[in-house]
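> So I've got this file, query_14.tsv, and it contains TSV, C-alpha atoms:
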```
chain	number	residue	atom	x	y	z
Q	1	MET	CA	-41.51	-141.70	-108.65
Q	2	GLU	CA	-41.01	-138.81	-111.07
Q	3	PHE	CA	-43.09	-135.70	-110.59
Q	4	GLY	CA	-42.70	-132.31	-112.22
Q	5	THR	CA	-43.14	-128.77	-111.05
Q	6	ALA	CA	-45.71	-126.24	-112.16
Q	7	VAL	CA	-42.78	-123.92	-112.86
Q	8	GLN	CA	-41.55	-126.31	-115.56
Q	9	ALA	CA	-45.06	-126.96	-116.88
Q	10	LEU	CA	-46.29	-123.36	-117.12
Q	11	THR	CA	-44.13	-120.58	-115.69
Q	12	ASP	CA	-41.18	-121.12	-118.04
Q	13	ASP	CA	-43.52	-120.71	-121.02
Q	14	VAL	CA	-45.05	-117.54	-119.56
Q	15	GLY	CA	-41.60	-116.03	-119.06
Q	16	ILE	CA	-40.44	-116.99	-122.55
Q	17	TYR	CA	-43.59	-115.56	-124.11
Q	18	ILE	CA	-43.42	-112.24	-122.22
Q	19	SER	CA	-39.69	-111.80	-122.89
Q	20	GLY	CA	-40.12	-112.62	-126.58
Q	21	ARG	CA	-42.90	-110.07	-127.00
Q	22	LEU	CA	-40.87	-107.42	-125.15
Q	23	ARG	CA	-37.81	-108.13	-127.29
Q	24	TYR	CA	-39.90	-107.60	-130.40
Q	25	ILE	CA	-41.66	-104.45	-129.15
Q	26	LEU	CA	-38.68	-102.70	-127.56
Q	27	LEU	CA	-35.74	-103.93	-129.64
Q	28	GLN	CA	-37.41	-105.02	-132.88
Q	29	LYS	CA	-35.64	-108.36	-132.55
Q	30	GLY	CA	-37.08	-111.80	-133.09
Q	31	GLY	CA	-40.58	-112.55	-134.25
Q	32	ASN	CA	-43.84	-111.23	-132.88
Q	33	ASP	CA	-44.55	-114.45	-131.00
Q	34	PHE	CA	-47.94	-116.05	-130.69
Q	35	PRO	CA	-48.82	-117.46	-127.25
Q	36	PRO	CA	-48.54	-121.21	-126.74
Q	37	LYS	CA	-51.76	-123.00	-127.62
Q	38	GLU	CA	-51.92	-124.34	-124.05
Q	39	PHE	CA	-52.45	-120.83	-122.65
Q	40	SER	CA	-56.00	-119.98	-121.65
Q	41	GLU	CA	-57.59	-116.86	-123.07
Q	42	SER	CA	-57.43	-115.20	-119.66
Q	43	LEU	CA	-53.71	-115.96	-119.29
Q	44	VAL	CA	-52.97	-114.41	-122.68
Q	45	THR	CA	-54.90	-111.30	-121.62
Q	46	ASP	CA	-52.95	-111.18	-118.35
Q	47	CYS	CA	-49.62	-111.50	-120.17
Q	48	GLU	CA	-50.46	-108.76	-122.65
Q	49	GLN	CA	-51.42	-106.39	-119.84
Q	50	VAL	CA	-48.12	-107.02	-118.05
Q	51	ILE	CA	-46.23	-106.52	-121.31
Q	52	SER	CA	-47.89	-103.16	-121.98
Q	53	VAL	CA	-47.09	-101.83	-118.49
Q	54	ILE	CA	-43.46	-103.04	-118.58
Q	55	VAL	CA	-43.07	-101.30	-121.95
Q	56	GLU	CA	-44.43	-98.09	-120.45
Q	57	ALA	CA	-42.03	-98.33	-117.49
Q	58	TRP	CA	-39.08	-99.02	-119.80
Q	59	ARG	CA	-39.84	-96.02	-121.99
Q	60	SER	CA	-40.38	-93.65	-119.05
Q	61	SER	CA	-37.63	-91.53	-117.50
Q	62	PRO	CA	-36.28	-93.54	-114.55
Q	63	ILE	CA	-36.05	-92.40	-110.96
Q	64	GLN	CA	-32.33	-92.43	-110.21
Q	65	VAL	CA	-30.41	-92.17	-106.95
Q	66	GLU	CA	-26.84	-90.91	-106.92
Q	67	TRP	CA	-25.32	-93.91	-105.21
Q	68	ASP	CA	-24.28	-97.47	-106.00
Q	69	ILE	CA	-26.49	-100.22	-104.54
Q	70	GLU	CA	-23.45	-102.38	-103.75
Q	71	GLU	CA	-22.01	-99.59	-101.59
Q	72	TYR	CA	-25.44	-98.85	-100.13
Q	73	ILE	CA	-25.80	-102.45	-98.94
Q	74	LYS	CA	-22.46	-102.20	-97.12
Q	75	ASP	CA	-23.50	-99.06	-95.24
Q	76	VAL	CA	-27.29	-98.80	-95.23
Q	77	GLY	CA	-28.59	-95.37	-94.28
Q	78	ARG	CA	-25.48	-93.42	-95.18
Q	79	TYR	CA	-26.64	-92.36	-98.62
Q	80	PRO	CA	-29.21	-89.64	-99.36
Q	81	PRO	CA	-32.57	-90.34	-101.03
Q	82	ALA	CA	-33.36	-89.21	-104.55
Q	83	PHE	CA	-35.90	-86.79	-103.10
Q	84	PRO	CA	-35.62	-84.98	-99.73
Q	85	PRO	CA	-38.22	-85.92	-97.08
Q	86	GLU	CA	-39.97	-82.56	-97.33
Q	87	ASP	CA	-40.84	-83.23	-100.98
Q	88	GLU	CA	-44.15	-85.08	-101.26
Q	89	VAL	CA	-43.30	-87.14	-104.34
Q	90	VAL	CA	-46.06	-89.63	-105.18
Q	91	GLU	CA	-45.61	-91.61	-108.38
Q	92	SER	CA	-48.58	-93.02	-110.24
Q	93	LYS	CA	-47.13	-94.02	-113.63
Q	94	PRO	CA	-45.03	-97.11	-114.41
Q	95	VAL	CA	-41.38	-96.42	-113.68
Q	96	ILE	CA	-38.02	-98.05	-112.94
Q	97	VAL	CA	-35.94	-96.99	-109.92
Q	98	ARG	CA	-32.22	-97.42	-110.49
Q	99	ASP	CA	-28.85	-96.58	-108.95
Q	100	VAL	CA	-26.03	-94.51	-110.41
Q	101	GLN	CA	-24.66	-97.56	-112.25
Q	102	GLY	CA	-28.02	-98.32	-113.84
Q	103	SER	CA	-28.81	-101.32	-111.60
Q	104	HIS	CA	-32.53	-101.68	-110.98
Q	105	LEU	CA	-33.68	-101.18	-107.39
Q	106	ALA	CA	-37.42	-101.40	-108.04
Q	107	TRP	CA	-40.04	-101.65	-110.77
Q	108	TYR	CA	-43.36	-99.92	-110.15
Q	109	LEU	CA	-46.06	-101.44	-112.36
Q	110	PRO	CA	-49.53	-100.01	-111.66
Q	111	ARG	CA	-52.38	-101.64	-113.59
Q	112	ALA	CA	-50.11	-104.59	-114.38
Q	113	MET	CA	-52.86	-107.03	-113.47
Q	114	SER	CA	-55.48	-107.07	-116.17
Q	115	GLU	CA	-59.16	-106.36	-115.72
Q	116	ALA	CA	-59.80	-110.03	-116.40
Q	117	LEU	CA	-57.60	-110.96	-113.44
Q	118	GLN	CA	-58.88	-108.13	-111.27
Q	119	ALA	CA	-62.59	-108.09	-111.98
Q	120	GLY	CA	-63.82	-111.25	-113.58
Q	121	TRP	CA	-63.87	-115.01	-113.25
Q	122	ASN	CA	-65.62	-116.54	-116.25
Q	123	HIS	CA	-67.27	-113.13	-116.72
Q	124	LYS	CA	-68.73	-113.12	-113.23
Q	125	PRO	CA	-68.47	-109.87	-111.28
Q	126	PHE	CA	-65.82	-110.80	-108.76
Q	127	ASN	CA	-62.07	-110.74	-108.46
Q	128	ARG	CA	-60.44	-114.04	-109.47
Q	129	VAL	CA	-57.75	-113.95	-106.80
Q	130	LEU	CA	-60.12	-112.72	-104.09
Q	131	PHE	CA	-62.47	-115.53	-105.07
Q	132	ALA	CA	-59.61	-118.03	-104.66
Q	133	LEU	CA	-58.86	-116.64	-101.20
Q	134	GLU	CA	-62.19	-117.98	-99.96
Q	135	SER	CA	-60.43	-121.34	-99.69
Q	136	LEU	CA	-58.25	-119.90	-96.92
Q	137	GLN	CA	-61.03	-118.50	-94.73
Q	138	PRO	CA	-60.80	-121.39	-92.22
Q	139	TYR	CA	-57.15	-120.49	-91.65
Q	140	PHE	CA	-57.89	-116.79	-91.25
Q	141	ALA	CA	-60.66	-117.57	-88.78
Q	142	SER	CA	-58.36	-119.74	-86.66
Q	143	SER	CA	-55.38	-117.35	-86.76
Q	144	PRO	CA	-56.44	-113.92	-85.47
Q	145	PRO	CA	-53.85	-111.16	-84.97
Q	146	VAL	CA	-51.97	-111.34	-81.68
Q	147	SER	CA	-49.75	-109.14	-79.55
Q	148	ARG	CA	-46.18	-110.23	-80.12
Q	149	LYS	CA	-42.77	-108.83	-80.90
Q	150	SER	CA	-43.00	-109.57	-84.62
Q	151	TRP	CA	-44.93	-106.85	-86.43
Q	152	ARG	CA	-46.06	-109.28	-89.13
Q	153	ASN	CA	-48.93	-110.65	-87.05
Q	154	ASN	CA	-49.18	-107.90	-84.45
Q	155	LYS	CA	-52.78	-106.81	-84.01
Q	156	ALA	CA	-51.67	-103.18	-83.68
Q	157	TYR	CA	-51.13	-103.11	-87.45
Q	158	PHE	CA	-54.46	-104.65	-88.41
Q	159	ARG	CA	-57.68	-102.81	-89.07
Q	160	GLY	CA	-59.98	-105.55	-87.78
Q	161	SER	CA	-59.79	-108.48	-85.40
Q	162	GLU	CA	-60.61	-111.04	-88.10
Q	163	ALA	CA	-57.77	-110.10	-90.44
Q	164	SER	CA	-54.66	-112.22	-90.54
Q	165	VAL	CA	-51.59	-113.25	-92.48
Q	166	PHE	CA	-51.38	-116.57	-94.29
Q	167	PRO	CA	-47.77	-117.49	-95.07
Q	168	PRO	CA	-47.87	-120.60	-97.27
Q	169	GLY	CA	-44.59	-121.89	-98.58
Q	170	ILE	CA	-42.82	-124.97	-99.78
Q	171	TYR	CA	-40.18	-124.64	-97.08
Q	172	ASP	CA	-40.68	-124.03	-93.40
Q	173	ARG	CA	-37.91	-122.68	-91.18
Q	174	THR	CA	-36.46	-125.97	-90.01
Q	175	SER	CA	-36.79	-128.60	-92.71
Q	176	LEU	CA	-37.64	-129.20	-96.33
Q	177	GLY	CA	-41.34	-129.70	-96.91
Q	178	ALA	CA	-44.70	-127.97	-96.92
Q	179	SER	CA	-44.93	-125.07	-94.47
Q	180	ALA	CA	-46.92	-125.29	-91.26
Q	181	ALA	CA	-49.61	-123.04	-92.74
Q	182	LEU	CA	-50.07	-125.36	-95.72
Q	183	LYS	CA	-50.36	-128.38	-93.43
Q	184	LYS	CA	-52.88	-126.68	-91.15
Q	185	ASN	CA	-55.32	-126.02	-93.98
Q	186	SER	CA	-54.05	-128.47	-96.59
Q	187	ALA	CA	-57.32	-128.97	-98.51
Q	188	GLY	CA	-58.00	-125.24	-98.74
Q	189	SER	CA	-54.35	-124.46	-99.47
Q	190	LYS	CA	-54.18	-126.92	-102.36
Q	191	ARG	CA	-57.41	-125.56	-103.82
Q	192	PHE	CA	-56.12	-122.00	-103.44
Q	193	LEU	CA	-52.85	-122.79	-105.23
Q	194	ARG	CA	-54.73	-124.46	-108.08
Q	195	ASP	CA	-57.07	-121.49	-108.38
Q	196	ILE	CA	-54.21	-118.97	-108.62
Q	197	LEU	CA	-51.96	-121.14	-110.79
Q	198	GLU	CA	-51.94	-118.65	-113.67
Q	199	PHE	CA	-51.37	-115.71	-111.33
Q	200	GLN	CA	-48.35	-117.49	-109.82
Q	201	ALA	CA	-47.00	-118.14	-113.31
Q	202	LEU	CA	-47.53	-114.50	-114.25
Q	203	ILE	CA	-45.43	-113.31	-111.29
Q	204	GLY	CA	-42.76	-115.82	-112.26
Q	205	GLY	CA	-42.86	-114.55	-115.83
Q	206	ILE	CA	-42.31	-111.01	-114.58
Q	207	ILE	CA	-39.20	-112.08	-112.63
Q	208	PHE	CA	-38.04	-114.00	-115.73
Q	209	VAL	CA	-37.91	-110.62	-117.50
Q	210	LEU	CA	-36.89	-108.22	-114.71
Q	211	HIS	CA	-34.13	-110.38	-113.21
Q	212	PRO	CA	-33.24	-113.41	-115.38
Q	213	ALA	CA	-30.43	-114.56	-113.09
Q	214	GLN	CA	-32.75	-114.55	-110.08
Q	215	TYR	CA	-35.34	-116.56	-111.99
Q	216	ALA	CA	-32.73	-119.13	-113.04
Q	217	ILE	CA	-31.48	-119.56	-109.47
Q	218	MET	CA	-34.94	-119.92	-107.94
Q	219	ARG	CA	-36.18	-122.16	-110.74
Q	220	GLY	CA	-33.17	-124.41	-110.27
Q	221	ALA	CA	-33.87	-124.71	-106.55
Q	222	LEU	CA	-37.49	-125.69	-107.17
Q	223	VAL	CA	-36.62	-128.23	-109.84
Q	224	ARG	CA	-33.99	-129.80	-107.58
Q	225	ALA	CA	-36.52	-129.85	-104.75
Q	226	ALA	CA	-38.86	-131.86	-106.98
Q	227	SER	CA	-36.25	-134.48	-107.82
Q	228	PRO	CA	-36.84	-137.97	-106.39
Q	229	SER	CA	-33.06	-138.20	-105.89
Q	230	LEU	CA	-33.02	-135.01	-103.83
Q	231	GLN	CA	-30.08	-134.87	-101.43
Q	232	ILE	CA	-30.85	-133.24	-98.10
Q	233	ALA	CA	-28.77	-132.65	-95.01
Q	234	PRO	CA	-27.93	-135.66	-92.80
Q	235	GLY	CA	-30.63	-136.27	-90.25
Q	236	GLU	CA	-33.27	-134.26	-92.13
Q	237	THR	CA	-36.37	-135.75	-93.69
Q	238	ILE	CA	-39.20	-134.46	-95.83
Q	239	GLU	CA	-42.35	-134.62	-93.78
Q	240	ASP	CA	-45.68	-135.36	-95.48
Q	241	TRP	CA	-44.02	-136.41	-98.73
Q	242	GLU	CA	-47.36	-136.98	-100.43
Q	243	LEU	CA	-48.56	-133.46	-99.57
Q	244	TYR	CA	-45.20	-132.07	-100.66
Q	245	GLN	CA	-45.59	-133.72	-104.08
Q	246	GLU	CA	-49.08	-132.29	-104.51
Q	247	ILE	CA	-48.01	-128.80	-103.49
Q	248	ILE	CA	-44.97	-128.59	-105.72
Q	249	GLY	CA	-47.09	-129.77	-108.65
Q	250	THR	CA	-49.30	-126.69	-108.27
Q	251	TRP	CA	-46.60	-124.30	-107.06
Q	252	ALA	CA	-46.10	-122.17	-110.18
Q	253	SER	CA	-44.35	-119.32	-108.37
Q	254	CYS	CA	-40.59	-119.14	-108.79
Q	255	PHE	CA	-40.42	-118.06	-105.13
Q	256	THR	CA	-40.39	-120.58	-102.28
Q	257	GLY	CA	-42.78	-118.55	-100.16
Q	258	LEU	CA	-46.01	-116.63	-100.58
Q	259	SER	CA	-47.70	-114.45	-97.96
Q	260	ILE	CA	-51.28	-113.21	-98.14
Q	261	ILE	CA	-51.83	-110.06	-96.10
Q	262	SER	CA	-55.37	-108.96	-95.31
Q	263	GLN	CA	-56.46	-105.67	-93.71
Q	264	ARG	CA	-52.99	-104.84	-92.43
Q	265	GLU	CA	-50.45	-102.09	-92.90
Q	266	ALA	CA	-46.77	-102.91	-93.27
Q	267	PRO	CA	-44.48	-100.55	-91.33
Q	268	PHE	CA	-41.14	-99.65	-92.85
Q	269	HIS	CA	-38.92	-102.71	-92.84
Q	270	ARG	CA	-36.39	-104.80	-94.72
Q	271	ASP	CA	-36.90	-108.50	-95.39
Q	272	GLY	CA	-33.95	-110.18	-93.71
Q	273	ARG	CA	-34.39	-113.56	-95.38
Q	274	SER	CA	-34.20	-112.22	-98.92
Q	275	PRO	CA	-30.88	-111.96	-100.81
Q	276	PRO	CA	-29.89	-108.27	-101.03
Q	277	THR	CA	-29.67	-108.23	-104.82
Q	278	MET	CA	-32.90	-110.09	-105.58
Q	279	PHE	CA	-36.44	-108.81	-105.95
Q	280	ASP	CA	-39.45	-109.58	-103.85
Q	281	VAL	CA	-42.78	-108.92	-105.51
Q	282	LEU	CA	-45.71	-107.12	-103.88
Q	283	ALA	CA	-49.12	-107.30	-105.56
Q	284	THR	CA	-52.35	-105.74	-104.36
Q	285	PHE	CA	-55.93	-106.82	-104.97
Q	286	GLY	CA	-59.24	-105.35	-103.96
Q	287	LYS	CA	-62.61	-104.08	-105.06
Q	288	VAL	CA	-62.24	-100.42	-104.10
Q	289	VAL	CA	-59.72	-97.79	-105.22
Q	290	ASP	CA	-58.34	-95.88	-102.23
Q	291	PRO	CA	-56.58	-92.68	-103.39
Q	292	ASP	CA	-54.73	-92.40	-100.06
Q	293	ILE	CA	-53.04	-95.81	-99.86
Q	294	ARG	CA	-49.30	-95.72	-100.53
Q	295	ALA	CA	-46.34	-98.02	-100.94
Q	296	GLU	CA	-43.25	-96.12	-99.85
Q	297	LEU	CA	-39.48	-96.51	-100.20
Q	298	PRO	CA	-38.22	-93.99	-97.60
Q	299	GLY	CA	-34.53	-94.56	-98.37
Q	300	ILE	CA	-35.21	-93.37	-101.90
Q	301	GLY	CA	-37.74	-90.73	-100.89
Q	302	ILE	CA	-40.52	-91.95	-103.17
Q	303	ARG	CA	-44.14	-92.95	-102.61
Q	304	PHE	CA	-46.30	-94.89	-105.03
Q	305	HIS	CA	-50.05	-95.05	-105.39
Q	306	TYR	CA	-50.83	-98.63	-104.41
Q	307	ASN	CA	-54.27	-99.47	-105.68
Q	308	PRO	CA	-55.69	-102.81	-106.87
Q	309	GLY	CA	-53.84	-104.18	-109.86
Q	310	THR	CA	-50.42	-102.83	-108.83
Q	311	ILE	CA	-47.22	-104.87	-108.83
Q	312	LEU	CA	-44.08	-103.56	-107.12
Q	313	ALA	CA	-40.81	-105.49	-107.46
Q	314	VAL	CA	-38.20	-104.24	-105.00
Q	315	LEU	CA	-34.83	-105.29	-103.56
Q	316	SER	CA	-36.58	-105.90	-100.27
Q	317	LYS	CA	-33.56	-106.69	-98.12
Q	318	ALA	CA	-31.57	-103.65	-99.22
Q	319	ILE	CA	-34.38	-101.10	-99.59
Q	320	ARG	CA	-36.70	-100.21	-96.70
Q	321	HIS	CA	-40.32	-100.32	-97.76
Q	322	GLY	CA	-43.77	-100.16	-96.27
Q	323	VAL	CA	-47.46	-99.99	-97.17
Q	324	SER	CA	-50.15	-97.93	-95.45
Q	325	ILE	CA	-53.48	-99.48	-94.56
Q	326	SER	CA	-56.50	-98.72	-96.70
Q	327	LYS	CA	-59.21	-96.56	-95.19
Q	328	GLU	CA	-61.76	-98.07	-97.55
Q	329	PRO	CA	-63.85	-101.12	-96.56
```
What would the structure in this file look like if it were written as structure tokens?

Amino acid sequence: MEFGTAVQALTDDVGIYISGRLRYILLQKGGNDFPPKEFSESLVTDCEQVISVIVEAWRSSPIQVEWDIEEYIKDVGRYPPAFPPEDEVVESKPVIVRDVQGSHLAWYLPRAMSEALQAGWNHKPFNRVLFALESLQPYFASSPPVSRKSWRNNKAYFRGSEASVFPPGIYDRTSLGASAALKKNSAGSKRFLRDILEFQALIGGIIFVLHPAQYAIMRGALVRAASPSLQIAPGETIEDWELYQEIIGTWASCFTGLSIISQREAPFHRDGRSPPTMFDVLATFGKVVDPDIRAELPGIGIRFHYNPGTILAVLSKAIRHGVSISKEP
């Protein structure tokens, strides 16, 4: 049975539209494209907001370190940051962080998520993504923070006992298929993925522009994973094939994993499962602006204001990063 991916159905078009508009605005090449007629009004608004912030970052003076990321990866910690630790450098405007060769280490995109995405769902006064998260409340309630070696679900890093981490993904750690978290709350998970379909596509469209090679690799993996003639390792099977088909049909992210973090700080760390030259994307949502919350890249010596609407793309395996917990409710 043939079944397609949401990446093919939507995310490719989002990436093509954003890249075409940027090519016209920044390079005066190509036409000033109109969005595909299939795009909703809210998705067009979201795309235009992302485009405007990427343009601002591109035209701003970059933050540059004096080392090569390829050499840095070979000997992490040897190279000095762009700013010494005693300098309290907190960035609030869109900017690109790059190495001495011009390779991009991070993109800081505050306000990249539009007001429509942040503060309205059919003109109602609530956040569209936060509204979608209601579908996951049964999982949060059944998965409180615990004391364990991994910091990712260690209660010491959470503000409240009801907060948790929901790590949905297409792949789990041992076999191809829906992750354990998706299986545990499959009805809520499927509803959640449908509700954030356009947000997933928007993140994919951003990677399409920031790192085209990464997008092509990840897209190829997802399309192959959707093929009925998929070849897997001997002895492996795809569990819950029907659920897997449903999930991949609403999985518009070009990534194979998505974690939702609630009421938790993230201590400085590197993401060991990510390729060293590919971006991970952090996005923050909320109802209250906290002037004290920061996303920090200590190896570069830079802190970013990290308020609702911010997107931070970073080489998460190579560059240590962390996020403080909000003091606001």
> Find the residues near Leu193 in chain Q: any atom within 12 Å, counting all atoms listed in the file, skip ones fewer than 4 places away on the same chain, and give them as JSON, numbers by chain.
{"Q": [6, 129, 132, 133, 134, 135, 136, 168, 169, 170, 182, 185, 186, 187, 188, 189, 197, 198, 199, 200, 201, 246, 247, 248, 249, 250, 251, 252, 253, 258]}
> Considering all atoms listed in the file, can you say which of Q:Asp75, Q:Glu70, Q:Glu41, Q:Glu48 comes closest to Ser19 in chain Q?
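Looking at the shortest contact to Ser19 in chain Q, the residue is Q:Glu48.
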> My list of candidates is Q:His305, Q:Arg273, Q:Arg23, Q:Arg59. Which is closest to Pro291 in chain Q when distances are computed with all atoms listed in the file?
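Among the listed residues, the smallest separation from Pro291 in chain Q belongs to Q:His305.
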> So which residues touch Gly20 in chain Q within 9 Å, counting all atoms listed in the file, skipping near sequence neighbours fewer than 3 positions away, as a PyMOL selection string?
chain Q and resi 15-17+23-25+29-33
> Choose the residue, out of Q:Pro36, Q:Gly301, Q:Gly205, Q:Pro212, that has the smallest atom-to-atom separation from Val65 in chain Q; count only C-alpha atoms.
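Closest residue, counting only C-alpha atoms: Q:Gly301.
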> Kindly give the distance, in Å, that separates CA of Ser61 in chain Q and CA of Ile302 in chain Q, rounded to a single decimal.
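CA of Ser61 in chain Q sits 14.6 Å away from CA of Ile302 in chain Q.
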> With all atoms of range 288-300 of chain Q from the file as input, state the centre and edge lengths in Å to one decimal of the axis-aligned box that has 6 Å extra on each side, as AutoDock Vina command-line options.

```
--center_x -48.4 --center_y -96.4 --center_z -101.4 --size_x 39.7 --size_y 20.0 --size_z 19.6
```
> With all atoms listed in the file as the atoms that count, which of Q:Ala318, Q:Ile96, Q:Val223, Q:Ala112 lies nearest to Val53 in chain Q?
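Among the listed residues, the smallest separation from Val53 in chain Q belongs to Q:Ala112.
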> Name the closest residue to Val100 in chain Q among the candidates Q:Phe83, Q:Trp67, Q:Tyr306, Q:Phe131; distances are taken between atoms, counting only C-alpha atoms.
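Using only C-alpha atoms, Val100 in chain Q sits closest to Q:Trp67.
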> Expressed in Å to a single decimal, how great is the separation between CA of Pro81 in chain Q and CA of Ile206 in chain Q?
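Here the two named atoms are 26.6 Å from each other.
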> Quick one: distance from CA of Leu109 in chain Q to CA of Thr310 in chain Q in Å, one decimal?
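Straight-line distance from CA of Leu109 in chain Q to CA of Thr310 in chain Q works out to 5.8 Å.
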> What lies within 12 Å of Pro80 in chain Q using all atoms listed in the file, ignoring chain neighbours under 6 positions off, as a ChimeraX atom specification?
/Q:64-68,72,99,298-301
> Which residue out of Q:Gln28, Q:Ser114, Q:Thr11, Q:Thr284 has the minimum interatomic distance to Asp46 in chain Q when all atoms listed in the file are used?
Q:Ser114
> Skipping near chain neighbours, those fewer than 4 positions away, what residues fall within 8 Å of Phe285 in chain Q using all atoms listed in the file, listed as an mmCIF file with C-alpha atoms, keeping the file's coordinate frame?

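The new file selection.cif reads:
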```cif
data_model
loop_
_atom_site.group_PDB
_atom_site.id
_atom_site.type_symbol
_atom_site.label_atom_id
_atom_site.label_comp_id
_atom_site.auth_asym_id
_atom_site.auth_seq_id
_atom_site.Cartn_x
_atom_site.Cartn_y
_atom_site.Cartn_z
ATOM 1 C CA GLN Q 118 -58.880 -108.130 -111.270
ATOM 2 C CA VAL Q 129 -57.750 -113.950 -106.800
ATOM 3 C CA LEU Q 130 -60.120 -112.720 -104.090
ATOM 4 C CA ASN Q 307 -54.270 -99.470 -105.680
ATOM 5 C CA PRO Q 308 -55.690 -102.810 -106.870
ATOM 6 C CA GLY Q 309 -53.840 -104.180 -109.860
ATOM 7 C CA THR Q 310 -50.420 -102.830 -108.830
#
```
